[in-house]
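S.K.: My structure file run14.cif, mmCIF, C-alpha atoms, is below:
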data_my_file
loop_
_atom_site.label_atom_id
_atom_site.label_comp_id
_atom_site.auth_asym_id
_atom_site.auth_seq_id
_atom_site.Cartn_x
_atom_site.Cartn_y
_atom_site.Cartn_z
CA MET S 1 102.22 128.78 75.81
CA ASN S 2 105.37 130.41 77.11
CA PHE S 3 107.24 130.52 80.42
CA PRO S 4 105.04 132.71 82.75
CA GLY S 5 101.85 130.99 81.64
CA ALA S 6 103.39 127.60 82.22
CA VAL S 7 104.54 128.61 85.72
CA ILE S 8 101.02 129.75 86.67
CA LEU S 9 99.51 126.54 85.36
CA TRP S 10 102.10 124.48 87.20
CA ILE S 11 101.33 126.30 90.47
CA ALA S 12 97.61 125.83 89.89
CA LEU S 13 98.12 122.14 89.20
CA ALA S 14 100.25 121.80 92.33
CA LEU S 15 97.45 123.43 94.36
CA LEU S 16 94.95 121.05 92.81
CA ALA S 17 97.15 118.09 93.66
CA VAL S 18 97.48 119.27 97.28
CA GLY S 19 93.70 119.71 97.52
CA LEU S 20 93.05 116.27 96.10
CA GLY S 21 95.63 114.78 98.43
CA PHE S 22 93.91 116.25 101.49
CA ALA S 23 90.55 115.11 100.15
CA ALA S 24 91.69 111.55 99.52
CA ALA S 25 93.22 111.35 102.99
CA HIS S 26 89.94 112.46 104.50
CA VAL S 27 87.89 109.97 102.51
CA ILE S 28 90.04 107.18 103.90
CA GLN S 29 89.94 108.61 107.41
CA GLY S 30 86.21 109.27 107.24
CA LEU S 31 85.23 105.85 105.94
CA ARG S 32 87.35 104.21 108.63
CA PHE S 33 85.61 106.35 111.24
CA SER S 34 82.05 105.26 110.57
CA HIS S 35 81.81 102.42 108.12
CA GLY S 36 79.51 103.10 105.21
CA ASP S 37 78.85 106.76 105.94
CA ARG S 38 78.42 108.24 102.48
CA ARG S 39 78.07 111.88 103.60
CA ILE S 40 81.84 112.18 104.05
CA LEU S 41 82.36 110.75 100.57
CA VAL S 42 79.81 113.16 99.06
CA ALA S 43 81.36 116.19 100.82
CA THR S 44 84.83 115.14 99.67
CA LEU S 45 83.65 114.72 96.10
CA ALA S 46 82.00 118.16 96.27
CA TYR S 47 85.29 119.60 97.50
CA ILE S 48 87.22 117.91 94.66
CA VAL S 49 84.69 119.25 92.11
CA ALA S 50 84.94 122.79 93.57
CA VAL S 51 88.75 122.74 93.48
CA THR S 52 88.74 121.38 89.92
CA VAL S 53 86.23 124.01 88.75
CA ILE S 54 88.23 126.89 90.27
CA VAL S 55 91.56 125.68 88.86
CA GLY S 56 90.00 124.76 85.50
CA LEU S 57 88.28 128.14 85.15
CA SER S 58 91.46 130.02 85.99
CA MET S 59 93.36 127.95 83.43
CA ILE S 60 90.74 128.56 80.71
CA LEU S 61 90.58 132.30 81.44
CA THR S 62 94.36 132.75 81.36
CA MET S 63 94.79 130.84 78.10
CA ARG S 64 93.76 133.90 76.10
CA VAL S 65 96.45 136.05 77.70
CA ASP S 66 99.20 137.26 75.40
CA TRP S 67 102.14 136.94 77.77
CA SER S 68 104.63 138.72 75.54
CA ARG S 69 102.46 141.81 74.96
CA ASP S 70 102.84 143.65 78.26
CA VAL S 71 106.49 142.87 78.92
CA ILE S 72 108.36 146.08 78.10
CA ILE S 73 112.13 146.58 78.11
CA GLY S 74 113.45 149.97 79.20
CA GLY S 75 110.07 151.71 79.07
CA ASP S 76 109.81 151.21 75.32
CA GLU S 77 106.21 150.85 74.15
CA GLN S 78 107.09 147.96 71.83
CA PRO S 79 106.62 144.40 73.06
CA VAL S 80 109.66 142.20 73.59
CA THR S 81 108.92 140.03 70.58
CA GLN S 82 108.64 143.14 68.39
CA GLN S 83 111.93 144.51 69.73
CA ILE S 84 113.68 141.21 69.13
CA ASN S 85 112.38 141.16 65.55
CA ASP S 86 113.60 144.72 65.06
CA LEU S 87 117.15 143.86 66.10
CA MET R 1 70.51 105.24 105.04
CA THR R 2 70.04 103.11 108.15
CA GLU R 3 73.40 101.41 108.49
CA PRO R 4 74.50 100.75 112.08
CA TYR R 5 76.71 103.39 113.59
CA SER R 6 80.18 102.44 114.73
CA PHE R 7 83.19 104.24 116.16
CA PRO R 8 86.88 103.37 116.57
CA GLY R 9 87.52 101.13 119.58
CA GLN R 10 83.92 100.02 120.03
CA GLN R 11 83.67 96.80 122.03
CA PRO R 12 81.61 93.89 120.65
CA ASP R 13 79.06 93.96 123.51
CA GLU R 14 78.87 97.74 123.70
CA LYS R 15 75.53 99.34 122.77
CA ILE R 16 75.39 102.92 121.53
CA VAL R 17 72.72 104.93 123.37
CA LEU R 18 73.34 108.44 122.01
CA VAL R 19 75.37 109.84 119.12
CA LEU R 20 75.68 113.60 119.43
CA HIS R 21 76.95 115.95 116.77
CA ARG R 22 77.32 119.65 117.27
CA HIS R 23 74.21 121.66 116.45
CA TRP R 24 73.92 122.77 112.82
CA LEU R 25 73.32 126.46 113.57
CA PRO R 26 76.93 127.47 114.42
CA PHE R 27 78.06 125.66 111.25
CA VAL R 28 75.50 127.56 109.16
CA GLY R 29 76.87 130.78 110.72
CA GLU R 30 80.38 129.85 109.51
CA VAL R 31 79.03 129.07 106.02
CA PHE R 32 77.28 132.45 105.94
CA ARG R 33 80.51 134.21 106.96
CA LEU R 34 82.48 132.41 104.23
CA THR R 35 79.78 133.27 101.66
CA MET R 36 80.15 136.94 102.58
CA LEU R 37 83.93 136.64 102.24
CA ALA R 38 83.46 135.02 98.82
CA ALA R 39 81.17 137.80 97.60
CA ILE R 40 83.26 140.77 98.81
CA PRO R 41 86.19 140.69 96.29
CA ALA R 42 83.90 140.04 93.31
CA VAL R 43 81.61 142.94 94.30
CA LEU R 44 84.61 145.23 94.94
CA LEU R 45 86.12 144.41 91.52
CA TRP R 46 82.78 144.97 89.77
CA ALA R 47 82.17 148.27 91.62
CA GLY R 48 85.74 149.45 90.95
CA LEU R 49 85.39 148.79 87.22
CA LYS R 50 81.99 150.51 87.15
CA LEU R 51 83.32 153.58 88.96
CA ALA R 52 86.40 153.81 86.75
CA GLU R 53 84.21 153.17 83.67
CA ARG R 54 86.69 150.62 82.39
CA SER R 55 86.56 147.01 81.32
CA ILE R 56 89.27 144.44 81.83
CA ASP R 57 91.47 143.60 78.87
CA GLN R 58 91.24 139.83 78.86
CA THR R 59 94.46 139.36 76.93
CA GLY R 60 96.65 141.36 79.32
CA VAL R 61 98.99 139.97 81.95
CA GLY R 62 97.13 142.07 84.58
CA PHE R 63 94.00 140.03 83.86
CA ALA R 64 95.96 136.82 84.40
CA ALA R 65 97.18 138.18 87.76
CA ILE R 66 93.60 139.01 88.81
CA VAL R 67 92.34 135.56 87.77
CA PHE R 68 95.20 133.89 89.59
CA GLY R 69 94.60 135.96 92.74
CA PHE R 70 90.87 135.16 92.68
CA ALA R 71 91.56 131.45 92.10
CA LEU R 72 93.94 131.32 95.07
CA TYR R 73 91.45 133.19 97.26
CA TYR R 74 88.52 130.93 96.36
CA LEU R 75 90.64 127.78 96.71
CA LEU R 76 91.49 128.94 100.21
CA LEU R 77 87.83 129.62 101.03
CA VAL R 78 86.69 126.24 99.67
CA THR R 79 89.40 124.47 101.69
CA ILE R 80 88.41 126.38 104.85
CA LEU R 81 84.74 125.43 104.26
CA TYR R 82 85.71 121.79 103.77
CA GLY R 83 87.76 121.94 106.99
CA PHE R 84 84.81 123.49 108.87
CA TRP R 85 82.48 120.77 107.63
CA LEU R 86 84.86 117.96 108.59
CA ASP R 87 85.39 119.55 112.00
CA TYR R 88 81.62 119.85 112.44
CA TYR R 89 80.74 116.39 111.16
CA LEU R 90 83.60 114.37 112.66
CA ASP R 91 83.29 115.91 116.14
CA VAL R 92 81.14 113.25 117.78
CA PHE R 93 80.13 112.51 121.35
CA VAL R 94 78.99 108.95 121.89
CA VAL R 95 77.17 107.67 124.96
CA THR R 96 77.21 103.89 125.23
CA ASN R 97 75.97 101.54 127.96
CA LYS R 98 79.56 101.43 129.29
CA ARG R 99 81.22 104.80 128.74
CA LEU R 100 81.27 108.26 127.20
CA VAL R 101 83.44 108.77 124.13
CA ASP R 102 84.47 112.20 122.89
CA ILE R 103 85.88 112.10 119.36
CA GLU R 104 87.28 115.46 118.40
CA GLN R 105 88.62 116.35 114.97
CA ARG R 106 91.58 118.74 115.25
CA GLY R 107 92.52 120.55 112.08
CA LEU R 108 92.52 118.65 108.83
CA LEU R 109 94.33 115.44 109.63
CA SER R 110 94.38 114.80 113.34
CA ARG R 111 91.85 113.54 115.85
CA THR R 112 91.63 113.12 119.61
CA ILE R 113 89.55 110.37 121.23
CA ALA R 114 88.84 110.58 124.97
CA GLU R 115 86.67 108.23 126.98
CA GLN R 116 85.22 107.99 130.45
CA PRO R 117 83.64 104.90 132.06
CA LEU R 118 80.10 105.61 133.25
CA TYR R 119 80.72 104.34 136.82
CA ARG R 120 83.31 107.11 137.37
CA ILE R 121 80.93 109.95 136.55
CA GLN R 122 80.02 112.13 139.54
CA ASP R 123 78.28 115.17 138.12
CA VAL R 124 76.70 116.17 134.80
CA THR R 125 75.80 119.78 134.03
CA SER R 126 74.13 121.45 131.06
CA GLU R 127 74.68 125.05 130.03
CA VAL R 128 72.74 127.11 127.48
CA ASN R 129 74.23 130.48 126.60
CA GLY R 130 72.73 133.17 124.36
CA MET R 131 69.47 133.93 122.60
CA LEU R 132 70.04 131.68 119.57
CA ALA R 133 71.04 128.78 121.80
CA HIS R 134 67.79 129.19 123.74
CA LEU R 135 65.69 129.50 120.58
CA PHE R 136 67.23 126.50 118.85
CA ARG R 137 67.75 124.51 122.05
CA TYR R 138 71.44 123.73 121.98
CA GLY R 139 74.18 124.10 124.57
CA ASN R 140 77.14 122.54 126.34
CA VAL R 141 77.21 119.51 128.59
CA TYR R 142 79.93 119.17 131.25
CA VAL R 143 80.72 115.83 132.82
CA GLN R 144 82.75 115.72 136.04
CA SER R 145 84.31 112.40 136.95
CA ALA R 146 85.96 111.07 140.12
CA GLY R 147 89.51 112.33 140.59
CA GLU R 148 89.67 114.11 137.25
CA LYS R 149 90.53 117.78 137.05
CA VAL R 150 89.56 118.15 133.39
CA ARG R 151 85.86 117.84 132.78
CA PHE R 152 84.38 116.12 129.76
CA TYR R 153 82.95 118.82 127.56
CA PHE R 154 80.26 118.20 124.92
CA GLU R 155 80.10 121.37 122.88
CA GLN R 156 76.98 122.83 121.22
CA VAL R 157 74.81 119.70 121.34
CA SER R 158 71.05 119.66 120.80
CA HIS R 159 68.78 119.38 123.85
CA PRO R 160 71.54 119.43 126.50
CA GLU R 161 69.11 118.85 129.39
CA LEU R 162 67.90 115.62 127.73
CA VAL R 163 71.52 114.54 127.26
CA VAL R 164 72.19 115.17 130.96
CA ARG R 165 69.17 113.07 131.98
CA THR R 166 70.22 110.23 129.66
CA ILE R 167 73.82 110.21 130.93
CA LEU R 168 72.65 110.24 134.56
CA SER R 169 70.22 107.37 134.03
CA MET R 170 72.90 105.38 132.17
CA THR R 171 75.35 106.12 135.00
CA ASP R 172 72.85 104.89 137.63
CA ALA R 173 72.26 101.72 135.64
CA SER R 174 76.01 101.16 135.24
CA VAL R 175 76.71 101.68 138.96
CA SER R 176 73.85 99.32 139.93
CA GLU R 177 75.19 96.71 137.54
CA ALA R 178 78.72 97.06 138.95
CA ARG R 179 77.40 96.73 142.52
CA ALA R 180 75.37 93.65 141.65
CA LYS R 181 78.37 92.08 139.92
CA HIS R 182 80.99 92.81 142.55
CA LYS R 183 78.82 93.10 145.71
CA ILE R 184 80.70 96.10 147.08
CA VAL R 185 80.66 96.05 150.88
CA ASP R 186 81.43 98.99 153.16
CA PRO R 187 84.35 97.72 155.33
CA ARG R 188 83.22 99.76 158.40
CA THR R 189 79.60 98.66 158.52
CA GLY R 190 79.71 95.40 156.59
CA VAL R 191 76.66 96.54 154.60
CA SER R 192 76.46 96.37 150.81
CA VAL R 193 76.68 99.88 149.30
#
The structure in this file should be written as structure tokens.

M.R.:
Amino acid sequence: MNFPGAVILWIALALLAVGLGFAAAHVIQGLRFSHGDRRILVATLAYIVAVTVIVGLSMILTMRVDWSRDVIIGGDEQPVTQQINDL
Amino acid sequence: MTEPYSFPGQQPDEKIVLVLHRHWLPFVGEVFRLTMLAAIPAVLLWAGLKLAERSIDQTGVGFAAIVFGFALYYLLLVTILYGFWLDYYLDVFVVTNKRLVDIEQRGLLSRTIAEQPLYRIQDVTSEVNGMLAHLFRYGNVYVQSAGEKVRFYFEQVSHPELVVRTILSMTDASVSEARAKHKIVDPRTGVSV
């Protein structure tokens, strides 16, 4: 994995962390609100699962991307890696 | 699950008479709207590819951009749905034998709790607006108290007329109890009121 792919994954992970943070805060708030109410816990878990699935799917789908292939210097049709090798 | 209901600030001798959540229909409407919003970009992408007679190259950077855009969009929608649900579920109106409590969730991480003692209530009004509200029997309940400009406002609760009757009967009981306890006497006539 190279730089752009890593950046996307880092952003996705940061989003996941933010989502989980909100969810955890709400679990605590919700359980304090009405002791023993499991519906809040279930909804929060569903939210965490949904966020994880979306981020996980996007990660899996972008793993096959060849990041170096479409980056062109000066309109040349050759990829950067090819150009560097040709130097 | 039949665990006893509780709310923040409940007194030990306080009995809960009614716990009112907002009616489910407006929430279902929001879910339907979000479902439509979720379907639109996927359908547009599929139709665009069909019309252009092209398929997406799954190893290109453009594909990564599309996936990333979709992921952001759906994360946003899921978070909005979660926020709607919390707002719907954590907005609670509680009628106890002593007071009315309005617990309102504001945004994701803040909450307002307002309360009104029953003996201060002067007027309770129900309001049902619209065809769906009539069909599914939900509406608003307004509670006017002595000396207060801002009315208590129970939004989109089921059977508002029943709620009004319950609050009024609880108020009568509370006032009678207060009179019996303190023996309030009219200073002009000397008669208990």

S.K.: What's the separation between CA of Val124 in chain R and CA of Phe136 in chain R, in Å to one decimal place?

M.R.: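 Taking CA of Val124 in chain R as the start and CA of Phe136 in chain R as the end point, the length is 21.2 Å.
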
S.K.: CA of Leu44 in chain R and CA of Ala50 in chain S, how far apart in Å?

M.R.: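 So the two atoms, CA of Ala50 in chain S and CA of Leu44 in chain R, lie 22.5 Å apart.
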
S.K.: Could you spell out the hits of the PyMOL selection byres ((chain R) within 6 of (chain S)) on the shown file, as a ChimeraX atom specification?

M.R.: /R:6-7,59-60,64,67,71

S.K.: Can you tell me how far CA of Asp13 in chain R sits from CA of Thr166 in chain R, in Å to one decimal?

M.R.: 19.5 Å

S.K.: To test your reading of the syntax: which residues would the PyMOL selection byres ((chain R and resi 15-23) around 6) return for the file shown? Reply as a list in words.

M.R.: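 Taken over the shown coordinates, the PyMOL selection byres ((chain R and resi 15-23) around 6) returns Glu14, Trp24, Leu25, Val92, Phe93, Val94, Val95, Thr96, Asn97, Gln156, Val157 and Ser158 of chain R.
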
S.K.: Once the PyMOL selection byres ((chain R and resi 42) around 12) has been applied to the shown file, what residues remain in the selection, as an NGL selection string?

M.R.: :R and (35-41 or 43-49 or 66-67 or 69-71 or 73-74)

S.K.: Given the choices R:His159, R:Tyr119, R:Thr112, R:Ala180, which gets closest to Leu135 in chain R if the distance is worked out from only C-alpha atoms?

M.R.: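 Looking at the shortest contact to Leu135 in chain R, the residue is R:His159.
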
S.K.: Report, as AutoDock Vina command-line options, the centre and edge lengths in Å (one decimal) of the axis-aligned box enclosing every listed atom of range 166-170 of chain R, padded by 5 Å on each side.

M.R.:
--center_x 72.0 --center_y 107.8 --center_z 132.1 --size_x 13.6 --size_y 14.9 --size_z 14.9
